[in-house]
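Dumped coords.pdb below, it's PDB, C-alpha atoms, pLDDT in the B column:
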```pdb
ATOM      1  CA  MET A  12       6.849 -10.542  -2.708  1.00 79.00           C
ATOM      2  CA  ILE A  13       6.451 -13.366  -0.191  1.00 84.00           C
ATOM      3  CA  ALA A  14      10.088 -14.360  -0.778  1.00 83.00           C
ATOM      4  CA  LEU A  15      11.162 -10.746  -0.234  1.00 83.00           C
ATOM      5  CA  LEU A  16       9.177 -10.597   3.011  1.00 85.00           C
ATOM      6  CA  LYS A  17      10.763 -13.814   4.279  1.00 86.00           C
ATOM      7  CA  ARG A  18      14.209 -12.494   3.370  1.00 81.00           C
ATOM      8  CA  ASP A  19      13.688  -9.205   5.211  1.00 81.00           C
ATOM      9  CA  LEU A  20      12.327 -10.983   8.273  1.00 82.00           C
ATOM     10  CA  ALA A  21      15.342 -13.303   8.333  1.00 81.00           C
ATOM     11  CA  LEU A  22      17.758 -10.379   7.988  1.00 77.00           C
ATOM     12  CA  SER A  23      16.022  -8.485  10.776  1.00 75.00           C
ATOM     13  CA  VAL A  24      16.432 -11.401  13.152  1.00 73.00           C
ATOM     14  CA  ARG A  25      19.933 -12.487  12.128  1.00 71.00           C
ATOM     15  CA  ALA A  26      21.625  -9.154  11.426  1.00 59.00           C
ATOM     16  CA  GLY A  27      20.320  -7.230  14.411  1.00 54.00           C
ATOM     17  CA  GLY A  28      17.771  -5.301  12.405  1.00 51.00           C
ATOM     18  CA  GLY A  29      15.917  -4.146  15.479  1.00 59.00           C
ATOM     19  CA  PHE A  30      13.988  -7.251  16.533  1.00 64.00           C
ATOM     20  CA  GLY A  31      15.443  -7.381  20.059  1.00 78.00           C
ATOM     21  CA  LEU A  32      16.976  -3.910  20.148  1.00 83.00           C
ATOM     22  CA  ALA A  33      13.613  -2.148  19.976  1.00 86.00           C
ATOM     23  CA  LEU A  34      12.183  -4.194  22.853  1.00 88.00           C
ATOM     24  CA  ALA A  35      15.297  -3.582  24.953  1.00 89.00           C
ATOM     25  CA  PHE A  36      15.133   0.163  24.350  1.00 90.00           C
ATOM     26  CA  PHE A  37      11.391   0.167  25.111  1.00 91.00           C
ATOM     27  CA  LEU A  38      12.063  -1.571  28.423  1.00 91.00           C
ATOM     28  CA  ILE A  39      14.818   0.906  29.284  1.00 92.00           C
ATOM     29  CA  VAL A  40      12.513   3.889  28.671  1.00 91.00           C
ATOM     30  CA  VAL A  41       9.757   2.382  30.795  1.00 90.00           C
ATOM     31  CA  THR A  42      12.180   1.423  33.568  1.00 90.00           C
ATOM     32  CA  LEU A  43      13.881   4.828  33.769  1.00 90.00           C
ATOM     33  CA  THR A  44      10.668   6.866  33.774  1.00 89.00           C
ATOM     34  CA  PRO A  45       9.822   6.245  37.470  1.00 87.00           C
ATOM     35  CA  PHE A  46      13.335   7.400  38.412  1.00 88.00           C
ATOM     36  CA  ALA A  47      12.764  10.664  36.527  1.00 87.00           C
ATOM     37  CA  VAL A  48       9.224  11.547  37.649  1.00 86.00           C
ATOM     38  CA  GLY A  49       9.206   9.859  41.060  1.00 82.00           C
ATOM     39  CA  PRO A  50       7.595   6.699  42.400  1.00 78.00           C
ATOM     40  CA  ASN A  51       4.172   8.267  43.011  1.00 84.00           C
ATOM     41  CA  SER A  52       1.630   5.733  41.722  1.00 82.00           C
ATOM     42  CA  ALA A  53      -0.976   8.349  40.831  1.00 84.00           C
ATOM     43  CA  THR A  54       1.497  10.330  38.736  1.00 85.00           C
ATOM     44  CA  LEU A  55       2.735   7.252  36.916  1.00 87.00           C
ATOM     45  CA  SER A  56      -0.807   6.092  36.244  1.00 87.00           C
ATOM     46  CA  THR A  57      -1.651   9.473  34.704  1.00 87.00           C
ATOM     47  CA  ILE A  58       1.298   9.541  32.307  1.00 90.00           C
ATOM     48  CA  ALA A  59       1.551   5.795  31.615  1.00 90.00           C
ATOM     49  CA  ALA A  60      -0.270   5.858  28.273  1.00 90.00           C
ATOM     50  CA  GLY A  61       1.801   8.733  26.927  1.00 91.00           C
ATOM     51  CA  ILE A  62       5.107   7.238  28.105  1.00 93.00           C
ATOM     52  CA  LEU A  63       4.314   3.854  26.577  1.00 93.00           C
ATOM     53  CA  TRP A  64       3.417   5.441  23.253  1.00 94.00           C
ATOM     54  CA  LEU A  65       6.498   7.660  23.301  1.00 93.00           C
ATOM     55  CA  GLY A  66       8.698   4.673  24.125  1.00 92.00           C
ATOM     56  CA  ALA A  67       7.192   2.660  21.262  1.00 92.00           C
ATOM     57  CA  LEU A  68       7.695   5.561  18.851  1.00 93.00           C
ATOM     58  CA  LEU A  69      11.354   6.066  19.802  1.00 91.00           C
ATOM     59  CA  SER A  70      11.960   2.313  19.654  1.00 90.00           C
ATOM     60  CA  CYS A  71      10.680   2.252  16.077  1.00 89.00           C
ATOM     61  CA  LEU A  72      13.219   4.923  15.147  1.00 88.00           C
ATOM     62  CA  LEU A  73      16.164   2.695  16.046  1.00 85.00           C
ATOM     63  CA  SER A  74      15.871   0.412  13.031  1.00 82.00           C
ATOM     64  CA  LEU A  75      14.508   2.775  10.375  1.00 85.00           C
ATOM     65  CA  ASP A  76      17.883   3.428   8.758  1.00 80.00           C
ATOM     66  CA  ARG A  77      18.321  -0.316   8.165  1.00 80.00           C
ATOM     67  CA  ILE A  78      15.103  -0.720   6.177  1.00 84.00           C
ATOM     68  CA  LEU A  79      16.785   0.135   2.867  1.00 85.00           C
ATOM     69  CA  ALA A  80      20.418   0.884   3.726  1.00 79.00           C
ATOM     70  CA  LEU A  81      21.643  -2.720   3.661  1.00 78.00           C
ATOM     71  CA  ASP A  82      19.980  -3.402   0.306  1.00 81.00           C
ATOM     72  CA  TYR A  83      21.475  -0.215  -1.097  1.00 82.00           C
ATOM     73  CA  GLU A  84      24.986  -1.077   0.094  1.00 79.00           C
ATOM     74  CA  ASP A  85      25.058  -4.593  -1.382  1.00 78.00           C
ATOM     75  CA  GLY A  86      23.310  -3.655  -4.624  1.00 80.00           C
ATOM     76  CA  ALA A  87      20.125  -5.612  -3.903  1.00 80.00           C
ATOM     77  CA  LEU A  88      18.026  -2.450  -4.168  1.00 83.00           C
ATOM     78  CA  GLU A  89      19.157  -1.874  -7.750  1.00 83.00           C
ATOM     79  CA  LEU A  90      18.207  -5.457  -8.620  1.00 83.00           C
ATOM     80  CA  LEU A  91      14.797  -4.959  -7.028  1.00 82.00           C
ATOM     81  CA  ALA A  92      14.341  -1.829  -9.136  1.00 80.00           C
ATOM     82  CA  THR A  93      14.708  -3.931 -12.281  1.00 82.00           C
ATOM     83  CA  ALA A  94      12.681  -6.898 -10.991  1.00 79.00           C
ATOM     84  CA  PRO A  95       9.090  -7.599 -12.084  1.00 82.00           C
ATOM     85  CA  ILE A  96       7.896  -6.522  -8.624  1.00 84.00           C
ATOM     86  CA  PRO A  97       6.720  -2.888  -8.697  1.00 89.00           C
ATOM     87  CA  MET A  98       8.765  -0.606  -6.465  1.00 89.00           C
ATOM     88  CA  GLU A  99       5.579   0.352  -4.621  1.00 91.00           C
ATOM     89  CA  GLY A 100       5.214  -3.303  -3.647  1.00 90.00           C
ATOM     90  CA  VAL A 101       8.835  -3.414  -2.477  1.00 89.00           C
ATOM     91  CA  ALA A 102       8.252  -0.372  -0.258  1.00 91.00           C
ATOM     92  CA  SER A 103       5.095  -1.939   1.158  1.00 93.00           C
ATOM     93  CA  ILE A 104       6.888  -5.223   1.927  1.00 92.00           C
ATOM     94  CA  LYS A 105       9.751  -3.341   3.589  1.00 91.00           C
ATOM     95  CA  ALA A 106       7.269  -1.499   5.797  1.00 92.00           C
ATOM     96  CA  LEU A 107       5.423  -4.736   6.625  1.00 93.00           C
ATOM     97  CA  ALA A 108       8.657  -6.487   7.575  1.00 90.00           C
ATOM     98  CA  HIS A 109       9.620  -3.576   9.818  1.00 90.00           C
ATOM     99  CA  TRP A 110       6.234  -3.675  11.528  1.00 93.00           C
ATOM    100  CA  LEU A 111       6.357  -7.443  12.058  1.00 91.00           C
ATOM    101  CA  THR A 112       9.803  -7.258  13.659  1.00 89.00           C
ATOM    102  CA  THR A 113       9.377  -3.983  15.561  1.00 90.00           C
ATOM    103  CA  GLY A 114       5.813  -2.686  15.782  1.00 90.00           C
ATOM    104  CA  LEU A 115       4.123  -6.003  16.538  1.00 92.00           C
ATOM    105  CA  PRO A 116       6.525  -7.044  19.355  1.00 91.00           C
ATOM    106  CA  LEU A 117       6.184  -3.588  20.906  1.00 92.00           C
ATOM    107  CA  THR A 118       2.398  -3.854  20.733  1.00 93.00           C
ATOM    108  CA  LEU A 119       2.382  -7.227  22.447  1.00 93.00           C
ATOM    109  CA  ALA A 120       4.896  -6.150  25.099  1.00 91.00           C
ATOM    110  CA  ALA A 121       3.215  -2.838  25.989  1.00 90.00           C
ATOM    111  CA  PRO A 122       0.665  -4.256  28.482  1.00 88.00           C
ATOM    112  CA  ALA A 123       3.408  -6.070  30.390  1.00 89.00           C
ATOM    113  CA  PHE A 124       5.548  -2.933  30.467  1.00 90.00           C
ATOM    114  CA  GLY A 125       2.473  -0.957  31.498  1.00 89.00           C
ATOM    115  CA  VAL A 126       2.530  -2.763  34.841  1.00 88.00           C
ATOM    116  CA  LEU A 127       5.831  -1.004  35.590  1.00 87.00           C
ATOM    117  CA  LEU A 128       4.120   2.359  35.075  1.00 89.00           C
ATOM    118  CA  ASN A 129       1.013   1.473  37.090  1.00 87.00           C
ATOM    119  CA  LEU A 130      -1.199   1.563  33.994  1.00 88.00           C
ATOM    120  CA  PRO A 131      -4.802   0.942  35.102  1.00 87.00           C
ATOM    121  CA  PRO A 132      -6.000  -2.590  34.247  1.00 86.00           C
ATOM    122  CA  GLU A 133      -8.777  -1.077  32.125  1.00 86.00           C
ATOM    123  CA  GLY A 134      -6.106   0.492  29.908  1.00 87.00           C
ATOM    124  CA  PHE A 135      -4.275  -2.699  28.946  1.00 91.00           C
ATOM    125  CA  LEU A 136      -6.716  -3.583  26.183  1.00 92.00           C
ATOM    126  CA  TRP A 137      -6.898  -0.069  24.773  1.00 92.00           C
ATOM    127  CA  MET A 138      -3.150   0.396  24.880  1.00 93.00           C
ATOM    128  CA  THR A 139      -2.779  -2.780  22.816  1.00 94.00           C
ATOM    129  CA  ILE A 140      -5.523  -1.710  20.397  1.00 94.00           C
ATOM    130  CA  SER A 141      -4.106   1.791  19.949  1.00 95.00           C
ATOM    131  CA  LEU A 142      -0.619   0.448  19.237  1.00 95.00           C
ATOM    132  CA  ALA A 143      -1.968  -2.220  16.882  1.00 95.00           C
ATOM    133  CA  VAL A 144      -3.837   0.451  14.920  1.00 96.00           C
ATOM    134  CA  GLY A 145      -1.144   3.136  15.036  1.00 95.00           C
ATOM    135  CA  THR A 146       2.213   1.360  14.725  1.00 95.00           C
ATOM    136  CA  PRO A 147       1.692   0.364  11.058  1.00 95.00           C
ATOM    137  CA  ALA A 148       1.664   4.080  10.274  1.00 96.00           C
ATOM    138  CA  LEU A 149       5.005   4.454  12.075  1.00 95.00           C
ATOM    139  CA  SER A 150       6.548   1.750   9.891  1.00 94.00           C
ATOM    140  CA  VAL A 151       5.133   3.127   6.637  1.00 95.00           C
ATOM    141  CA  VAL A 152       6.200   6.693   7.430  1.00 95.00           C
ATOM    142  CA  GLY A 153       9.594   5.381   8.510  1.00 93.00           C
ATOM    143  CA  THR A 154       9.991   3.558   5.197  1.00 93.00           C
ATOM    144  CA  PHE A 155       9.230   6.814   3.390  1.00 94.00           C
ATOM    145  CA  GLY A 156      11.897   8.584   5.427  1.00 92.00           C
ATOM    146  CA  ALA A 157      14.362   5.772   4.737  1.00 90.00           C
ATOM    147  CA  ALA A 158      13.639   6.080   1.015  1.00 90.00           C
ATOM    148  CA  LEU A 159      14.371   9.814   1.113  1.00 90.00           C
ATOM    149  CA  THR A 160      17.736   9.339   2.830  1.00 88.00           C
ATOM    150  CA  VAL A 161      18.927   6.074   1.236  1.00 86.00           C
ATOM    151  CA  GLY A 162      22.446   6.412  -0.083  1.00 75.00           C
ATOM    152  CA  LEU A 163      23.310   9.385   2.124  1.00 77.00           C
ATOM    153  CA  LYS A 164      26.282   9.024   4.430  1.00 72.00           C
ATOM    154  CA  ARG A 165      25.302   9.369   8.086  1.00 68.00           C
ATOM    155  CA  GLY A 166      21.694   9.793   7.065  1.00 67.00           C
ATOM    156  CA  GLY A 167      20.360   8.427  10.364  1.00 73.00           C
ATOM    157  CA  LEU A 168      20.104  11.842  12.031  1.00 79.00           C
ATOM    158  CA  LEU A 169      18.487  13.382   8.954  1.00 84.00           C
ATOM    159  CA  LEU A 170      16.057  10.473   8.824  1.00 87.00           C
ATOM    160  CA  SER A 171      15.003  11.126  12.425  1.00 86.00           C
ATOM    161  CA  LEU A 172      14.525  14.843  11.733  1.00 88.00           C
ATOM    162  CA  ILE A 173      12.323  14.044   8.736  1.00 90.00           C
ATOM    163  CA  VAL A 174      10.242  11.343  10.373  1.00 92.00           C
ATOM    164  CA  LEU A 175       9.639  12.718  13.879  1.00 92.00           C
ATOM    165  CA  PRO A 176       7.340  15.606  12.822  1.00 92.00           C
ATOM    166  CA  LEU A 177       5.318  13.162  10.715  1.00 94.00           C
ATOM    167  CA  TYR A 178       4.934  10.893  13.747  1.00 95.00           C
ATOM    168  CA  VAL A 179       3.307  13.568  15.914  1.00 95.00           C
ATOM    169  CA  PRO A 180      -0.354  13.058  14.845  1.00 95.00           C
ATOM    170  CA  THR A 181      -0.088   9.303  15.360  1.00 96.00           C
ATOM    171  CA  LEU A 182       1.464   9.858  18.792  1.00 95.00           C
ATOM    172  CA  ILE A 183      -1.230  12.326  19.851  1.00 95.00           C
ATOM    173  CA  PHE A 184      -4.227  10.234  18.857  1.00 95.00           C
ATOM    174  CA  GLY A 185      -2.677   6.915  19.889  1.00 94.00           C
ATOM    175  CA  ALA A 186      -1.912   8.134  23.389  1.00 93.00           C
ATOM    176  CA  GLU A 187      -5.355   9.744  23.610  1.00 94.00           C
ATOM    177  CA  VAL A 188      -7.097   6.468  22.734  1.00 93.00           C
ATOM    178  CA  ALA A 189      -5.162   4.628  25.438  1.00 91.00           C
ATOM    179  CA  ARG A 190      -5.723   7.361  28.013  1.00 90.00           C
ATOM    180  CA  ARG A 191      -9.453   7.665  27.383  1.00 91.00           C
ATOM    181  CA  GLY A 192      -9.885   3.907  27.351  1.00 88.00           C
ATOM    182  CA  ALA A 193      -8.102   3.612  30.702  1.00 86.00           C
ATOM    183  CA  GLU A 194     -10.267   6.353  32.221  1.00 85.00           C
ATOM    184  CA  GLY A 195     -13.545   5.012  30.812  1.00 82.00           C
ATOM    185  CA  MET A 196     -14.103   8.021  28.571  1.00 87.00           C
ATOM    186  CA  ALA A 197     -15.362   8.125  24.993  1.00 87.00           C
ATOM    187  CA  PHE A 198     -12.524   7.062  22.671  1.00 88.00           C
ATOM    188  CA  GLN A 199     -14.311   6.667  19.335  1.00 91.00           C
ATOM    189  CA  THR A 200     -13.170   9.981  17.820  1.00 93.00           C
ATOM    190  CA  PRO A 201      -9.402   9.649  18.448  1.00 94.00           C
ATOM    191  CA  LEU A 202      -9.560   5.974  17.455  1.00 95.00           C
ATOM    192  CA  ALA A 203     -11.250   6.859  14.166  1.00 96.00           C
ATOM    193  CA  LEU A 204      -8.668   9.576  13.492  1.00 96.00           C
ATOM    194  CA  LEU A 205      -5.829   7.194  14.347  1.00 96.00           C
ATOM    195  CA  ALA A 206      -7.222   4.556  11.993  1.00 96.00           C
ATOM    196  CA  GLY A 207      -7.690   7.199   9.306  1.00 96.00           C
ATOM    197  CA  ILE A 208      -4.045   8.265   9.582  1.00 96.00           C
ATOM    198  CA  THR A 209      -2.876   4.674   9.287  1.00 96.00           C
ATOM    199  CA  LEU A 210      -5.095   3.921   6.296  1.00 97.00           C
ATOM    200  CA  ALA A 211      -4.022   7.122   4.542  1.00 96.00           C
ATOM    201  CA  THR A 212      -0.324   6.416   5.019  1.00 96.00           C
ATOM    202  CA  VAL A 213      -0.683   2.792   3.899  1.00 95.00           C
ATOM    203  CA  ALA A 214      -2.578   3.886   0.788  1.00 95.00           C
ATOM    204  CA  LEU A 215      -0.408   6.840  -0.271  1.00 95.00           C
ATOM    205  CA  LEU A 216       3.121   6.688   1.101  1.00 94.00           C
ATOM    206  CA  PRO A 217       4.299   3.523  -0.732  1.00 94.00           C
ATOM    207  CA  PHE A 218       3.971   5.493  -3.977  1.00 95.00           C
ATOM    208  CA  ALA A 219       5.987   8.381  -2.515  1.00 94.00           C
ATOM    209  CA  SER A 220       8.580   5.940  -1.167  1.00 92.00           C
ATOM    210  CA  ALA A 221       8.890   4.244  -4.558  1.00 91.00           C
ATOM    211  CA  ALA A 222       9.394   7.604  -6.269  1.00 92.00           C
ATOM    212  CA  ALA A 223      12.083   8.588  -3.749  1.00 90.00           C
ATOM    213  CA  ILE A 224      13.908   5.272  -4.239  1.00 89.00           C
ATOM    214  CA  ARG A 225      13.896   5.662  -8.024  1.00 88.00           C
ATOM    215  CA  ILE A 226      15.293   9.185  -7.739  1.00 88.00           C
ATOM    216  CA  ASN A 227      18.075   8.121  -5.385  1.00 83.00           C
ATOM    217  CA  LEU A 228      19.060   5.217  -7.642  1.00 81.00           C
ATOM    218  CA  ARG A 229      19.598   7.445 -10.667  1.00 78.00           C
TER     219      ARG A 229
END
```

Written form, structure tokens:
Amino acid sequence: MIALLKRDLALSVRAGGGFGLALAFFLIVVTLTPFAVGPNSATLSTIAAGILWLGALLSCLLSLDRILALDYEDGALELLATAPIPMEGVASIKALAHWLTTGLPLTLAAPAFGVLLNLPPEGFLWMTISLAVGTPALSVVGTFGAALTVGLKRGGLLLSLIVLPLYVPTLIFGAEVARRGAEGMAFQTPLALLAGITLATVALLPFASAAAIRINLR
């Protein structure tokens, strides 16, 4: 499993699997927002948490179709299905590799990008915490969507349609944690719900992803 993780990380960096693309798209979203809503500092400060979370979510979508598609095309996925590694472990490693190359860089970059949106200084820490807690769920749910659409031609649009509704709870509670933290309000309830969503997806969805992969390989 460690060898598989190293392989996926190397492919993500070398083959354009989203390592730099997600950060570039995130920066574009953050940069264009002031042009759309106006340069008013108060307005930007109010919507900063939501825009940063929405930008991170959309950036994660860019590389979801590559989680399993490349392995399916070159036959590596069929070999993994017959390997001693359980398919649930393969799905978990795929999700971890996606988070390390997409979710983690977005989490670390969010405070710096928040300066462009006039995010209050008090919100930098909570924006980072909310993304660190919530983005693993985005990767795990994305892996599940990739497993459902693997092998389908032009399945990227279908993948987005499947995954986006499942992302909504994470987006709501993640943005709420960052907003409440920036405003000095109580954030314990949305943070607990966000952590609960992440833990539930990490515990359950690898089994669903493995089942979907097995079905699509038959």

**OP:** Apply the PyMOL selection byres ((chain A and resi 112) around 8) to the displayed file and report the matching residues as an MDAnalysis selection string.
**Re:** chainID A and resid 20 23:24 29:30 108:111 113:116

**OP:** Name every residue that the PyMOL selection byres ((chain A and resi 88) around 12) selects in this structure, writing the answer as an MDAnalysis selection string with chains first and numbers rising.
**Re:** chainID A and resid 15 78:87 89:94 96 98 101:102 105 158 161:162 221 224:225 227:229

Original post:
Which one is closest to Ala53 in chain A: A:Leu169, A:Ala143, A:Leu117, A:Leu130? Count all atoms listed in the file.
Top reply: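 Residue with the minimum atom-to-atom distance to Ala53 in chain A: A:Leu130.
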
Subject >> Nearest residue to Thr154 in chain A from the set A:Leu68, A:Val48, A:Ala106, A:Leu136 (distances using all atoms listed in the file) >> reply: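 Closest residue, counting all atoms listed in the file: A:Ala106.
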
Subject >> Distance in Å - CA of Ile173 in chain A versus CA of Gly156 in chain A >> reply: 6.4 Å

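Taking CA of Ala21 in chain A and CA of Leu142 in chain A as endpoints, the distance between them is 23.7 Å.
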
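Between Ala33 in chain A and the candidates A:Ala189, A:Ile226, A:Ala123, A:Leu73, the tightest atom-to-atom separation, counting all atoms listed in the file, involves A:Leu73.
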
**OP:** Take CA of Gly134 in chain A and CA of Pro180 in chain A and report the distance between them in Å, one decimal.
**Re:**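 About the pair CA of Gly134 in chain A and CA of Pro180 in chain A: they are 20.4 Å apart.
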
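Shortest atom-to-atom contact with Ala120 in chain A among A:Leu38, A:Leu210, A:Leu159, A:Leu43: A:Leu38, counting only C-alpha atoms.
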
Original post:
In file coordinates, which residues lie within 12 Å of (0.2, 1.4, 38.4) using all atoms listed in the file, given as a ChimeraX atom specification?
Top reply: /A:45,50-60,122-135,193

Find the axis-aligned box for range 68-87 of chain A, covering all its listed atoms and adding 4 Å on each side, and write its centre and edge lengths in Å to one decimal as lines of an AutoDock Vina configuration file.
```
center_x = 16.4
center_y = 0.2
center_z = 7.6
size_x = 25.4
size_y = 19.7
size_z = 32.4
```

Subject >> Nearest residue to Pro201 in chain A from the set A:Leu22, A:Val151, A:Ile183, A:Leu16 (distances using all atoms listed in the file) >> reply: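 For Pro201 in chain A, the nearest of the candidates is A:Ile183.
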
Subject >> Minimum-distance residue to Leu69 in chain A, chosen among A:Phe37, A:Pro147, A:Leu32, A:Leu170 (using all atoms listed in the file) >> reply: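 Smallest separation from Leu69 in chain A among the options: A:Phe37.
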
Can you find the residues with an atom no farther than 8 Å from (-2.3, 7.9, 22.4), counting all atoms listed in the file, and report them as a short mmCIF file (atom, residue, chain, number, x, y, z; two decimals) with C-alpha atoms, keeping the file's coordinate frame?
```
data_model
loop_
_atom_site.label_atom_id
_atom_site.label_comp_id
_atom_site.auth_asym_id
_atom_site.auth_seq_id
_atom_site.Cartn_x
_atom_site.Cartn_y
_atom_site.Cartn_z
CA ALA A 60 -0.27 5.86 28.27
CA GLY A 61 1.80 8.73 26.93
CA TRP A 64 3.42 5.44 23.25
CA MET A 138 -3.15 0.40 24.88
CA SER A 141 -4.11 1.79 19.95
CA THR A 181 -0.09 9.30 15.36
CA LEU A 182 1.46 9.86 18.79
CA ILE A 183 -1.23 12.33 19.85
CA PHE A 184 -4.23 10.23 18.86
CA GLY A 185 -2.68 6.92 19.89
CA ALA A 186 -1.91 8.13 23.39
CA GLU A 187 -5.36 9.74 23.61
CA VAL A 188 -7.10 6.47 22.73
CA ALA A 189 -5.16 4.63 25.44
CA ARG A 190 -5.72 7.36 28.01
#
```
